[in-house]
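J.: Dropping in structure.cif, with mmCIF, C-alpha atoms and all ligand atoms.
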```
data_protein
loop_
_atom_site.group_PDB
_atom_site.id
_atom_site.type_symbol
_atom_site.label_atom_id
_atom_site.label_comp_id
_atom_site.auth_asym_id
_atom_site.auth_seq_id
_atom_site.Cartn_x
_atom_site.Cartn_y
_atom_site.Cartn_z
ATOM 1 C CA MET A 1 -45.492 -49.239 35.235
ATOM 2 C CA SER A 2 -42.217 -50.416 36.792
ATOM 3 C CA ASP A 3 -43.153 -52.556 39.742
ATOM 4 C CA SER A 4 -40.864 -55.488 39.073
ATOM 5 C CA LYS A 5 -39.800 -57.730 41.938
ATOM 6 C CA GLY A 6 -36.186 -58.020 43.036
ATOM 7 C CA ALA A 7 -33.860 -61.025 43.185
ATOM 8 C CA SER A 8 -34.799 -64.518 44.354
ATOM 9 C CA SER A 9 -38.487 -64.330 43.404
ATOM 10 C CA ALA A 10 -40.025 -65.695 40.232
ATOM 11 C CA PRO A 11 -40.270 -63.057 37.511
ATOM 12 C CA ARG A 12 -43.783 -61.706 37.498
ATOM 13 C CA HIS A 13 -43.658 -60.819 33.827
ATOM 14 C CA VAL A 14 -41.844 -62.995 31.289
ATOM 15 C CA ALA A 15 -41.651 -61.935 27.642
ATOM 16 C CA ILE A 16 -40.563 -64.349 24.934
ATOM 17 C CA ILE A 17 -39.205 -63.855 21.407
ATOM 18 C CA MET A 18 -40.206 -67.207 19.909
ATOM 19 C CA ASP A 19 -37.523 -67.670 17.266
ATOM 20 C CA GLY A 20 -36.332 -70.644 15.247
ATOM 21 C CA ASN A 21 -39.517 -72.168 13.815
ATOM 22 C CA GLY A 22 -38.218 -71.909 10.249
ATOM 23 C CA ARG A 23 -34.868 -73.549 11.023
ATOM 24 C CA TRP A 24 -36.574 -76.287 13.010
ATOM 25 C CA ALA A 25 -38.730 -77.128 9.983
ATOM 26 C CA THR A 26 -35.831 -76.888 7.512
ATOM 27 C CA GLN A 27 -33.780 -79.296 9.649
ATOM 28 C CA ARG A 28 -36.611 -81.786 9.125
ATOM 29 C CA GLY A 29 -36.919 -81.117 5.409
ATOM 30 C CA ARG A 30 -40.359 -79.586 5.922
ATOM 31 C CA PRO A 31 -41.856 -76.223 4.891
ATOM 32 C CA ARG A 32 -41.445 -73.288 7.277
ATOM 33 C CA LEU A 33 -45.131 -73.329 8.189
ATOM 34 C CA PHE A 34 -44.673 -76.789 9.639
ATOM 35 C CA GLY A 35 -42.323 -75.131 12.143
ATOM 36 C CA HIS A 36 -44.803 -72.357 12.913
ATOM 37 C CA ARG A 37 -47.510 -74.933 13.606
ATOM 38 C CA ALA A 38 -45.169 -76.793 15.958
ATOM 39 C CA GLY A 39 -44.376 -73.429 17.579
ATOM 40 C CA ALA A 40 -48.061 -72.780 18.211
ATOM 41 C CA LYS A 41 -48.270 -76.050 20.182
ATOM 42 C CA ARG A 42 -45.460 -74.863 22.450
ATOM 43 C CA VAL A 43 -47.426 -71.689 23.189
ATOM 44 C CA ARG A 44 -50.226 -73.800 24.691
ATOM 45 C CA GLU A 45 -47.797 -75.764 26.877
ATOM 46 C CA ILE A 46 -46.006 -72.675 28.148
ATOM 47 C CA VAL A 47 -49.218 -70.782 28.972
ATOM 48 C CA GLU A 48 -50.413 -73.803 30.957
ATOM 49 C CA ALA A 49 -47.114 -73.990 32.854
ATOM 50 C CA CYS A 50 -47.112 -70.341 33.977
ATOM 51 C CA PRO A 51 -49.331 -70.591 37.081
ATOM 52 C CA GLY A 52 -47.230 -73.445 38.507
ATOM 53 C CA LEU A 53 -44.049 -71.460 37.888
ATOM 54 C CA GLY A 54 -45.331 -68.281 39.502
ATOM 55 C CA VAL A 55 -45.461 -66.296 36.260
ATOM 56 C CA LYS A 56 -48.457 -63.985 36.205
ATOM 57 C CA PHE A 57 -47.781 -62.067 32.971
ATOM 58 C CA LEU A 58 -46.604 -63.735 29.766
ATOM 59 C CA THR A 59 -46.002 -61.711 26.615
ATOM 60 C CA ILE A 60 -45.129 -63.466 23.359
ATOM 61 C CA PHE A 61 -43.888 -62.046 20.071
ATOM 62 C CA ALA A 62 -46.004 -63.688 17.367
ATOM 63 C CA PHE A 63 -45.545 -61.342 14.392
ATOM 64 C CA SER A 64 -43.429 -58.216 14.033
ATOM 65 C CA THR A 65 -43.955 -55.135 11.890
ATOM 66 C CA GLU A 66 -40.907 -56.387 9.951
ATOM 67 C CA ASN A 67 -42.320 -59.882 9.342
ATOM 68 C CA TRP A 68 -44.389 -58.559 6.380
ATOM 69 C CA ARG A 69 -41.114 -58.784 4.425
ATOM 70 C CA ARG A 70 -41.386 -62.587 4.354
ATOM 71 C CA THR A 71 -42.841 -64.337 1.309
ATOM 72 C CA GLN A 72 -46.513 -63.780 0.701
ATOM 73 C CA ALA A 73 -47.124 -67.502 1.240
ATOM 74 C CA GLU A 74 -45.476 -67.487 4.678
ATOM 75 C CA VAL A 75 -47.298 -64.330 5.781
ATOM 76 C CA ALA A 76 -50.647 -65.738 4.610
ATOM 77 C CA GLY A 77 -49.888 -69.036 6.343
ATOM 78 C CA LEU A 78 -49.034 -67.271 9.595
ATOM 79 C CA MET A 79 -52.201 -65.138 9.458
ATOM 80 C CA SER A 80 -54.275 -68.254 8.877
ATOM 81 C CA LEU A 81 -52.473 -69.966 11.786
ATOM 82 C CA PHE A 82 -53.296 -67.030 14.086
ATOM 83 C CA ARG A 83 -56.966 -67.171 13.056
ATOM 84 C CA ARG A 84 -57.097 -70.915 13.663
ATOM 85 C CA TYR A 85 -55.187 -70.656 16.946
ATOM 86 C CA ILE A 86 -57.600 -68.056 18.312
ATOM 87 C CA SER A 87 -60.722 -69.969 17.220
ATOM 88 C CA LYS A 88 -59.397 -73.282 18.493
ATOM 89 C CA GLU A 89 -57.853 -72.157 21.778
ATOM 90 C CA ALA A 90 -60.431 -69.567 22.909
ATOM 91 C CA GLN A 91 -62.527 -71.903 25.055
ATOM 92 C CA ALA A 92 -59.527 -73.657 26.619
ATOM 93 C CA LEU A 93 -57.845 -70.347 27.466
ATOM 94 C CA ASN A 94 -61.051 -69.079 29.015
ATOM 95 C CA LYS A 95 -61.482 -72.253 31.065
ATOM 96 C CA GLN A 96 -57.930 -71.874 32.336
ATOM 97 C CA ASN A 97 -58.849 -68.379 33.586
ATOM 98 C CA VAL A 98 -56.326 -66.809 31.166
ATOM 99 C CA ARG A 99 -56.881 -63.207 30.178
ATOM 100 C CA VAL A 100 -55.730 -62.506 26.644
ATOM 101 C CA ARG A 101 -54.701 -59.141 25.251
ATOM 102 C CA PHE A 102 -53.157 -58.228 21.919
ATOM 103 C CA ILE A 103 -50.612 -55.479 21.333
ATOM 104 C CA GLY A 104 -49.465 -54.049 18.017
ATOM 105 C CA ASP A 105 -51.016 -52.141 15.155
ATOM 106 C CA ARG A 106 -54.282 -53.797 14.100
ATOM 107 C CA ASP A 107 -54.806 -51.531 11.073
ATOM 108 C CA ARG A 108 -52.846 -53.756 8.711
ATOM 109 C CA LEU A 109 -54.447 -57.010 9.900
ATOM 110 C CA ASP A 110 -57.478 -58.418 8.090
ATOM 111 C CA ASP A 111 -60.954 -57.833 9.500
ATOM 112 C CA LYS A 112 -61.634 -61.474 10.233
ATOM 113 C CA LEU A 113 -58.497 -61.747 12.349
ATOM 114 C CA THR A 114 -59.084 -58.495 14.236
ATOM 115 C CA ALA A 115 -62.679 -59.546 14.941
ATOM 116 C CA LEU A 116 -61.432 -62.827 16.438
ATOM 117 C CA MET A 117 -58.843 -60.931 18.497
ATOM 118 C CA GLU A 118 -61.498 -58.600 19.887
ATOM 119 C CA GLU A 119 -63.832 -61.511 20.650
ATOM 120 C CA LEU A 120 -61.116 -63.319 22.585
ATOM 121 C CA GLU A 121 -60.223 -60.170 24.525
ATOM 122 C CA LEU A 122 -63.884 -59.712 25.434
ATOM 123 C CA LEU A 123 -64.432 -63.364 26.306
ATOM 124 C CA THR A 124 -61.491 -63.397 28.712
ATOM 125 C CA GLU A 125 -61.608 -59.860 30.080
ATOM 126 C CA GLY A 126 -62.925 -60.942 33.488
ATOM 127 C CA ASN A 127 -60.272 -63.636 33.960
ATOM 128 C CA SER A 128 -57.806 -63.235 36.793
ATOM 129 C CA GLY A 129 -55.275 -65.989 36.023
ATOM 130 C CA VAL A 130 -52.313 -65.728 33.658
ATOM 131 C CA GLN A 131 -52.319 -62.454 31.752
ATOM 132 C CA LEU A 132 -51.299 -63.466 28.247
ATOM 133 C CA THR A 133 -50.331 -60.727 25.820
ATOM 134 C CA ILE A 134 -49.813 -61.628 22.181
ATOM 135 C CA ALA A 135 -47.780 -59.156 20.124
ATOM 136 C CA LEU A 136 -49.183 -59.262 16.598
ATOM 137 C CA ASN A 137 -48.000 -56.804 13.962
ATOM 138 C CA TYR A 138 -45.995 -55.328 16.793
ATOM 139 C CA GLY A 139 -42.825 -53.252 16.637
ATOM 140 C CA GLY A 140 -41.386 -51.294 19.559
ATOM 141 C CA ARG A 141 -40.531 -48.249 17.433
ATOM 142 C CA ASP A 142 -43.928 -48.342 15.750
ATOM 143 C CA GLU A 143 -45.584 -48.511 19.172
ATOM 144 C CA VAL A 144 -43.614 -45.483 20.427
ATOM 145 C CA ALA A 145 -44.464 -43.584 17.217
ATOM 146 C CA ARG A 146 -48.185 -44.385 17.544
ATOM 147 C CA ALA A 147 -48.097 -43.431 21.236
ATOM 148 C CA THR A 148 -46.361 -40.150 20.431
ATOM 149 C CA ARG A 149 -48.977 -39.362 17.791
ATOM 150 C CA ARG A 150 -51.788 -39.788 20.349
ATOM 151 C CA LEU A 151 -49.849 -37.830 22.945
ATOM 152 C CA ALA A 152 -49.212 -34.985 20.479
ATOM 153 C CA GLN A 153 -52.938 -34.924 19.687
ATOM 154 C CA ASP A 154 -53.732 -34.559 23.397
ATOM 155 C CA VAL A 155 -51.265 -31.656 23.580
ATOM 156 C CA ALA A 156 -52.851 -30.070 20.493
ATOM 157 C CA ASP A 157 -56.289 -30.501 22.084
ATOM 158 C CA GLY A 158 -55.084 -28.815 25.276
ATOM 159 C CA LYS A 159 -55.528 -31.991 27.379
ATOM 160 C CA LEU A 160 -51.826 -32.244 28.203
ATOM 161 C CA ARG A 161 -49.058 -29.648 28.616
ATOM 162 C CA PRO A 162 -45.659 -30.357 26.979
ATOM 163 C CA GLY A 163 -43.974 -29.807 30.348
ATOM 164 C CA ASP A 164 -46.072 -32.623 31.832
ATOM 165 C CA VAL A 165 -44.670 -35.250 29.467
ATOM 166 C CA ASP A 166 -42.305 -37.439 31.488
ATOM 167 C CA GLU A 167 -41.398 -41.094 32.099
ATOM 168 C CA GLU A 168 -44.725 -41.672 33.848
ATOM 169 C CA THR A 169 -46.873 -40.025 31.169
ATOM 170 C CA LEU A 170 -45.495 -41.548 27.975
ATOM 171 C CA PRO A 171 -46.031 -45.236 28.879
ATOM 172 C CA LYS A 172 -49.705 -44.487 29.464
ATOM 173 C CA TYR A 173 -49.959 -44.084 25.683
ATOM 174 C CA LEU A 174 -48.192 -47.374 24.886
ATOM 175 C CA ASP A 175 -50.099 -50.538 23.928
ATOM 176 C CA THR A 176 -48.835 -52.068 27.177
ATOM 177 C CA CYS A 177 -50.262 -49.297 29.404
ATOM 178 C CA VAL A 178 -51.999 -51.742 31.759
ATOM 179 C CA LEU A 179 -49.065 -54.163 32.057
ATOM 180 C CA PRO A 180 -46.051 -54.120 34.366
ATOM 181 C CA ASP A 181 -42.658 -53.977 32.641
ATOM 182 C CA PRO A 182 -41.157 -57.376 31.785
ATOM 183 C CA ASP A 183 -38.732 -58.721 34.370
ATOM 184 C CA LEU A 184 -37.203 -61.260 32.027
ATOM 185 C CA VAL A 185 -37.004 -61.416 28.231
ATOM 186 C CA ILE A 186 -36.152 -64.784 26.695
ATOM 187 C CA ARG A 187 -35.098 -65.286 23.079
ATOM 188 C CA THR A 188 -34.768 -68.741 21.617
ATOM 189 C CA SER A 189 -32.685 -69.983 18.648
ATOM 190 C CA GLY A 190 -29.275 -68.553 19.501
ATOM 191 C CA GLU A 191 -29.816 -65.021 18.175
ATOM 192 C CA ALA A 192 -28.736 -62.342 20.641
ATOM 193 C CA ARG A 193 -30.928 -59.472 19.413
ATOM 194 C CA ILE A 194 -34.066 -57.828 20.734
ATOM 195 C CA SER A 195 -35.515 -57.141 17.270
ATOM 196 C CA ASN A 196 -37.700 -54.176 18.151
ATOM 197 C CA PHE A 197 -39.520 -56.006 20.984
ATOM 198 C CA LEU A 198 -40.797 -54.019 23.997
ATOM 199 C CA LEU A 199 -38.058 -51.394 23.626
ATOM 200 C CA TRP A 200 -39.313 -48.924 26.218
ATOM 201 C CA GLN A 201 -40.645 -51.558 28.588
ATOM 202 C CA SER A 202 -37.488 -53.702 28.753
ATOM 203 C CA ALA A 203 -35.110 -50.956 29.871
ATOM 204 C CA TYR A 204 -34.326 -52.864 33.083
ATOM 205 C CA ALA A 205 -35.309 -56.402 32.080
ATOM 206 C CA GLU A 206 -32.941 -59.318 32.430
ATOM 207 C CA TYR A 207 -32.223 -61.053 29.124
ATOM 208 C CA GLN A 208 -31.760 -64.739 28.502
ATOM 209 C CA PHE A 209 -30.667 -65.918 25.069
ATOM 210 C CA ILE A 210 -30.801 -69.667 24.574
ATOM 211 C CA ASP A 211 -29.860 -71.905 21.638
ATOM 212 C CA THR A 212 -33.026 -74.039 21.704
ATOM 213 C CA LEU A 213 -35.289 -73.505 18.696
ATOM 214 C CA TRP A 214 -38.793 -72.417 19.724
ATOM 215 C CA PRO A 215 -40.585 -75.679 18.752
ATOM 216 C CA ASP A 216 -38.174 -77.533 21.097
ATOM 217 C CA PHE A 217 -38.815 -75.153 23.998
ATOM 218 C CA SER A 218 -40.457 -76.788 27.011
ATOM 219 C CA THR A 219 -41.743 -76.249 30.528
ATOM 220 C CA ALA A 220 -38.549 -77.830 31.872
ATOM 221 C CA ILE A 221 -36.375 -75.314 29.981
ATOM 222 C CA LEU A 222 -38.495 -72.424 31.218
ATOM 223 C CA ALA A 223 -38.253 -73.743 34.798
ATOM 224 C CA ASP A 224 -34.427 -73.865 34.475
ATOM 225 C CA ILE A 225 -34.293 -70.307 33.170
ATOM 226 C CA LEU A 226 -36.511 -69.102 36.012
ATOM 227 C CA GLU A 227 -34.275 -70.809 38.518
ATOM 228 C CA SER A 228 -31.186 -69.043 37.216
ATOM 229 C CA TYR A 229 -33.149 -65.761 37.130
ATOM 230 C CA GLY A 230 -33.853 -66.227 40.851
ATOM 231 C CA GLY A 231 -30.118 -65.992 41.499
ATOM 232 C CA ARG A 232 -29.623 -62.727 39.626
ATOM 233 C CA GLU A 233 -29.429 -59.439 41.441
ATOM 234 C CA ARG A 234 -31.439 -56.669 39.810
ATOM 235 C CA ARG A 235 -30.213 -53.266 40.861
ATOM 236 C CA PHE A 236 -32.143 -50.918 38.568
ATOM 237 C CA GLY A 237 -29.099 -48.651 38.352
ATOM 238 C CA ALA A 238 -28.488 -48.520 42.116
ATOM 239 C CA VAL A 239 -25.415 -49.802 44.007
ATOM 240 C CA PRO A 240 -25.635 -53.001 46.096
ATOM 241 C CA VAL A 241 -26.596 -52.432 49.740
HETATM 242 C C1 LIG B 301 -39.841 -66.753 14.370
HETATM 243 O O1 LIG B 301 -39.247 -67.916 13.826
HETATM 244 C C2 LIG B 301 -41.234 -66.965 14.565
HETATM 245 C C3 LIG B 301 -42.244 -66.236 14.009
HETATM 246 C C4 LIG B 301 -42.033 -65.084 13.118
HETATM 247 C C5 LIG B 301 -43.636 -66.592 14.234
HETATM 248 C C6 LIG B 301 -43.988 -66.888 15.656
HETATM 249 C C7 LIG B 301 -45.209 -67.666 15.613
HETATM 250 C C8 LIG B 301 -45.456 -68.774 16.326
HETATM 251 C C9 LIG B 301 -44.607 -69.329 17.392
HETATM 252 C C10 LIG B 301 -46.655 -69.523 15.981
HETATM 253 C C11 LIG B 301 -47.852 -69.345 16.712
HETATM 254 C C12 LIG B 301 -48.058 -68.220 17.624
HETATM 255 C C13 LIG B 301 -49.270 -68.014 18.143
HETATM 256 C C14 LIG B 301 -49.538 -66.930 19.096
HETATM 257 C C15 LIG B 301 -50.379 -68.899 17.769
HETATM 258 P P1 LIG B 301 -38.583 -67.816 12.403
HETATM 259 O O2 LIG B 301 -39.596 -68.146 11.385
HETATM 260 O O3 LIG B 301 -37.947 -66.474 12.244
HETATM 261 O O4 LIG B 301 -37.492 -68.914 12.479
HETATM 262 P P2 LIG B 301 -36.087 -68.899 11.738
HETATM 263 O O5 LIG B 301 -35.316 -67.762 12.327
HETATM 264 O O6 LIG B 301 -35.519 -70.224 12.081
HETATM 265 O O7 LIG B 301 -36.354 -68.724 10.279
#
```
Would you mind writing the file's structure down as structure tokens?
Ligand code: FPP
T.:
Amino acid sequence: MSDSKGASSAPRHVAIIMDGNGRWATQRGRPRLFGHRAGAKRVREIVEACPGLGVKFLTIFAFSTENWRRTQAEVAGLMSLFRRYISKEAQALNKQNVRVRFIGDRDRLDDKLTALMEELELLTEGNSGVQLTIALNYGGRDEVARATRRLAQDVADGKLRPGDVDEETLPKYLDTCVLPDPDLVIRTSGEARISNFLLWQSAYAEYQFIDTLWPDFSTAILADILESYGGRERRFGAVPV
């Protein structure tokens, strides 16, 4: 779906690559997981700030398909953090009327974690406030490959004709099929890369790369970014009128 708003309004859908937890911890002489735990606290603050800032959809990159390459200890620590985060935050998120969805490939995640993810999705499915999407074992290329596999199956089953596959059809097979495209993608920690995040969906997104490490991110920084976004002109390939 590409129903993004134009200039001077708050972005409806903000996506964030939360980078810099490890460096933040190292700067303090602490283990990397200390940084991830601090990062999880920022997630709570930012979700709470969204309604006041006019952000309806928030999508955050929690774990990529490439993050399995980290040490076993860090991966296990992150998985345990996700389990704890979901168990601990479920009631608060529900009370705040937040609807939570997860995107990414669940096959490689452990059963306990996927059960918690499903429970949280079910618990919050009637909520109409902030639509929070957590990308967990997510990779944009992997998502397109999985979508293509399902699409090819529908063609093989005679449900879809090859000639009917276009820019409207393919996104219906993506994990994000019910979400609008992101208007703004923010990456913290000074890296200017998109690292396989929402590749199809961000074709016309604005990007904001900032030096702040994710555990130092705040509502005030987000508000500043949104203000500068309001001044940008989004043309979606057209010429100014
Ligand atoms: C990138 O920083 C961050 C991650 C791979 C993990 C993101 C996870 C969180 C913010 C924690 C909690 C999230 C939820 C949804 C509970 P990095 O480790 O690559 O930092 P570095 O580049 O400084 O090493």
J.: Rank nothing, just name the residue among A:Leu123, A:Leu184, A:Ser128, A:Arg70 nearest to Gly230 of chain A, using only C-alpha atoms.
T.: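 Of all the options, A:Leu184 lies closest to Gly230 of chain A.
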J.: Which of these, A:Val239, A:Leu93, A:Leu213, A:Leu120, has the shortest distance to ligand LIG 301 (chain B) once you count only C-alpha atoms and all ligand atoms?
T.: A:Leu213
J.: Pick out the residues no farther than 10 Å from ligand LIG 301 (chain B), counting all atoms listed in the file, and list them as a PyMOL selection string.
T.: chain A and resi 16-27+32-44+59-64+66-68+70+74-75+78-86+89+102+132-136+188-191+213-215
J.: With C-alpha atoms retained, write the just-selected residues as a compact mmCIF listing (two decimals), keeping the file's coordinate frame.
T.:
```txt
# COMPACT_ATOMS: atom_id res chain seq x y z
CA ILE A 16 -40.56 -64.35 24.93
CA ILE A 17 -39.20 -63.86 21.41
CA MET A 18 -40.21 -67.21 19.91
CA ASP A 19 -37.52 -67.67 17.27
CA GLY A 20 -36.33 -70.64 15.25
CA ASN A 21 -39.52 -72.17 13.82
CA GLY A 22 -38.22 -71.91 10.25
CA ARG A 23 -34.87 -73.55 11.02
CA TRP A 24 -36.57 -76.29 13.01
CA ALA A 25 -38.73 -77.13 9.98
CA THR A 26 -35.83 -76.89 7.51
CA GLN A 27 -33.78 -79.30 9.65
CA ARG A 32 -41.44 -73.29 7.28
CA LEU A 33 -45.13 -73.33 8.19
CA PHE A 34 -44.67 -76.79 9.64
CA GLY A 35 -42.32 -75.13 12.14
CA HIS A 36 -44.80 -72.36 12.91
CA ARG A 37 -47.51 -74.93 13.61
CA ALA A 38 -45.17 -76.79 15.96
CA GLY A 39 -44.38 -73.43 17.58
CA ALA A 40 -48.06 -72.78 18.21
CA LYS A 41 -48.27 -76.05 20.18
CA ARG A 42 -45.46 -74.86 22.45
CA VAL A 43 -47.43 -71.69 23.19
CA ARG A 44 -50.23 -73.80 24.69
CA THR A 59 -46.00 -61.71 26.62
CA ILE A 60 -45.13 -63.47 23.36
CA PHE A 61 -43.89 -62.05 20.07
CA ALA A 62 -46.00 -63.69 17.37
CA PHE A 63 -45.54 -61.34 14.39
CA SER A 64 -43.43 -58.22 14.03
CA GLU A 66 -40.91 -56.39 9.95
CA ASN A 67 -42.32 -59.88 9.34
CA TRP A 68 -44.39 -58.56 6.38
CA ARG A 70 -41.39 -62.59 4.35
CA GLU A 74 -45.48 -67.49 4.68
CA VAL A 75 -47.30 -64.33 5.78
CA LEU A 78 -49.03 -67.27 9.60
CA MET A 79 -52.20 -65.14 9.46
CA SER A 80 -54.28 -68.25 8.88
CA LEU A 81 -52.47 -69.97 11.79
CA PHE A 82 -53.30 -67.03 14.09
CA ARG A 83 -56.97 -67.17 13.06
CA ARG A 84 -57.10 -70.92 13.66
CA TYR A 85 -55.19 -70.66 16.95
CA ILE A 86 -57.60 -68.06 18.31
CA GLU A 89 -57.85 -72.16 21.78
CA PHE A 102 -53.16 -58.23 21.92
CA LEU A 132 -51.30 -63.47 28.25
CA THR A 133 -50.33 -60.73 25.82
CA ILE A 134 -49.81 -61.63 22.18
CA ALA A 135 -47.78 -59.16 20.12
CA LEU A 136 -49.18 -59.26 16.60
CA THR A 188 -34.77 -68.74 21.62
CA SER A 189 -32.68 -69.98 18.65
CA GLY A 190 -29.28 -68.55 19.50
CA GLU A 191 -29.82 -65.02 18.18
CA LEU A 213 -35.29 -73.50 18.70
CA TRP A 214 -38.79 -72.42 19.72
CA PRO A 215 -40.58 -75.68 18.75
```
J.: Once the PyMOL selection byres (((chain A and resi 13) around 6) and not hetatm) is applied to the coordinates I shared, what remains selected? I want it as a list of chain:residue names.
T.: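 Expected selection for the PyMOL selection byres (((chain A and resi 13) around 6) and not hetatm) here is A:Pro11, A:Arg12, A:Val14, A:Phe57, A:Leu58, A:Pro182, A:Asp183.
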J.: Report, in Å to a single decimal, how far apart atom CA of Pro51 of chain A and atom CA of Ala223 of chain A are.
T.: 11.7 Å
J.: Tell me which protein, DNA and RNA residues are within 12 Å of Thr176 of chain A, counting all atoms listed in the file, leaving out same-chain ones fewer than 4 positions away, and put them as an mmCIF file with C-alpha atoms, in the frame of the given file.
T.:
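In the end it all went to result21.cif:
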```
data_model
loop_
_atom_site.group_PDB
_atom_site.id
_atom_site.type_symbol
_atom_site.label_atom_id
_atom_site.label_comp_id
_atom_site.auth_asym_id
_atom_site.auth_seq_id
_atom_site.Cartn_x
_atom_site.Cartn_y
_atom_site.Cartn_z
ATOM 1 C CA MET A 1 -45.492 -49.239 35.235
ATOM 2 C CA SER A 2 -42.217 -50.416 36.792
ATOM 3 C CA PHE A 57 -47.781 -62.067 32.971
ATOM 4 C CA THR A 59 -46.002 -61.711 26.615
ATOM 5 C CA ARG A 101 -54.701 -59.141 25.251
ATOM 6 C CA PHE A 102 -53.157 -58.228 21.919
ATOM 7 C CA ILE A 103 -50.612 -55.479 21.333
ATOM 8 C CA GLY A 104 -49.465 -54.049 18.017
ATOM 9 C CA GLN A 131 -52.319 -62.454 31.752
ATOM 10 C CA LEU A 132 -51.299 -63.466 28.247
ATOM 11 C CA THR A 133 -50.331 -60.727 25.820
ATOM 12 C CA ILE A 134 -49.813 -61.628 22.181
ATOM 13 C CA ALA A 135 -47.780 -59.156 20.124
ATOM 14 C CA TYR A 138 -45.995 -55.328 16.793
ATOM 15 C CA GLY A 140 -41.386 -51.294 19.559
ATOM 16 C CA GLU A 143 -45.584 -48.511 19.172
ATOM 17 C CA VAL A 144 -43.614 -45.483 20.427
ATOM 18 C CA ALA A 147 -48.097 -43.431 21.236
ATOM 19 C CA LEU A 170 -45.495 -41.548 27.975
ATOM 20 C CA PRO A 171 -46.031 -45.236 28.879
ATOM 21 C CA LYS A 172 -49.705 -44.487 29.464
ATOM 22 C CA PRO A 180 -46.051 -54.120 34.366
ATOM 23 C CA ASP A 181 -42.658 -53.977 32.641
ATOM 24 C CA PRO A 182 -41.157 -57.376 31.785
ATOM 25 C CA PHE A 197 -39.520 -56.006 20.984
ATOM 26 C CA LEU A 198 -40.797 -54.019 23.997
ATOM 27 C CA LEU A 199 -38.058 -51.394 23.626
ATOM 28 C CA TRP A 200 -39.313 -48.924 26.218
ATOM 29 C CA GLN A 201 -40.645 -51.558 28.588
ATOM 30 C CA SER A 202 -37.488 -53.702 28.753
#
```
J.: Counting all atoms listed in the file, which residue out of A:Leu222, A:Ile46, A:Ala152, A:Val55 sits closest to Ser9 of chain A?
T.: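 So, comparing all the options, the nearest one is A:Val55.
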J.: How many Å lie between atom CA of Lys56 of chain A and atom CA of Gly129 of chain A, rounded to one decimal?
T.: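 Value for the atom CA of Lys56 of chain A-atom CA of Gly129 of chain A distance: 7.1 Å.
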J.: Can you pull out every residue within 7 Å of Thr124 of chain A, counting only C-alpha atoms, but drop anything in the same chain fewer than 5 positions away, and send it as a ChimeraX atom specification?
T.: /A:94,98-100
J.: Could you save those same residues with C-alpha atoms as a JSON list (two decimals), in the frame of the given file?
T.:
```json
[["chain", "number", "residue", "atom", "x", "y", "z"],
["A", 94, "ASN", "CA", -61.05, -69.08, 29.02],
["A", 98, "VAL", "CA", -56.33, -66.81, 31.17],
["A", 99, "ARG", "CA", -56.88, -63.21, 30.18],
["A", 100, "VAL", "CA", -55.73, -62.51, 26.64]]
```
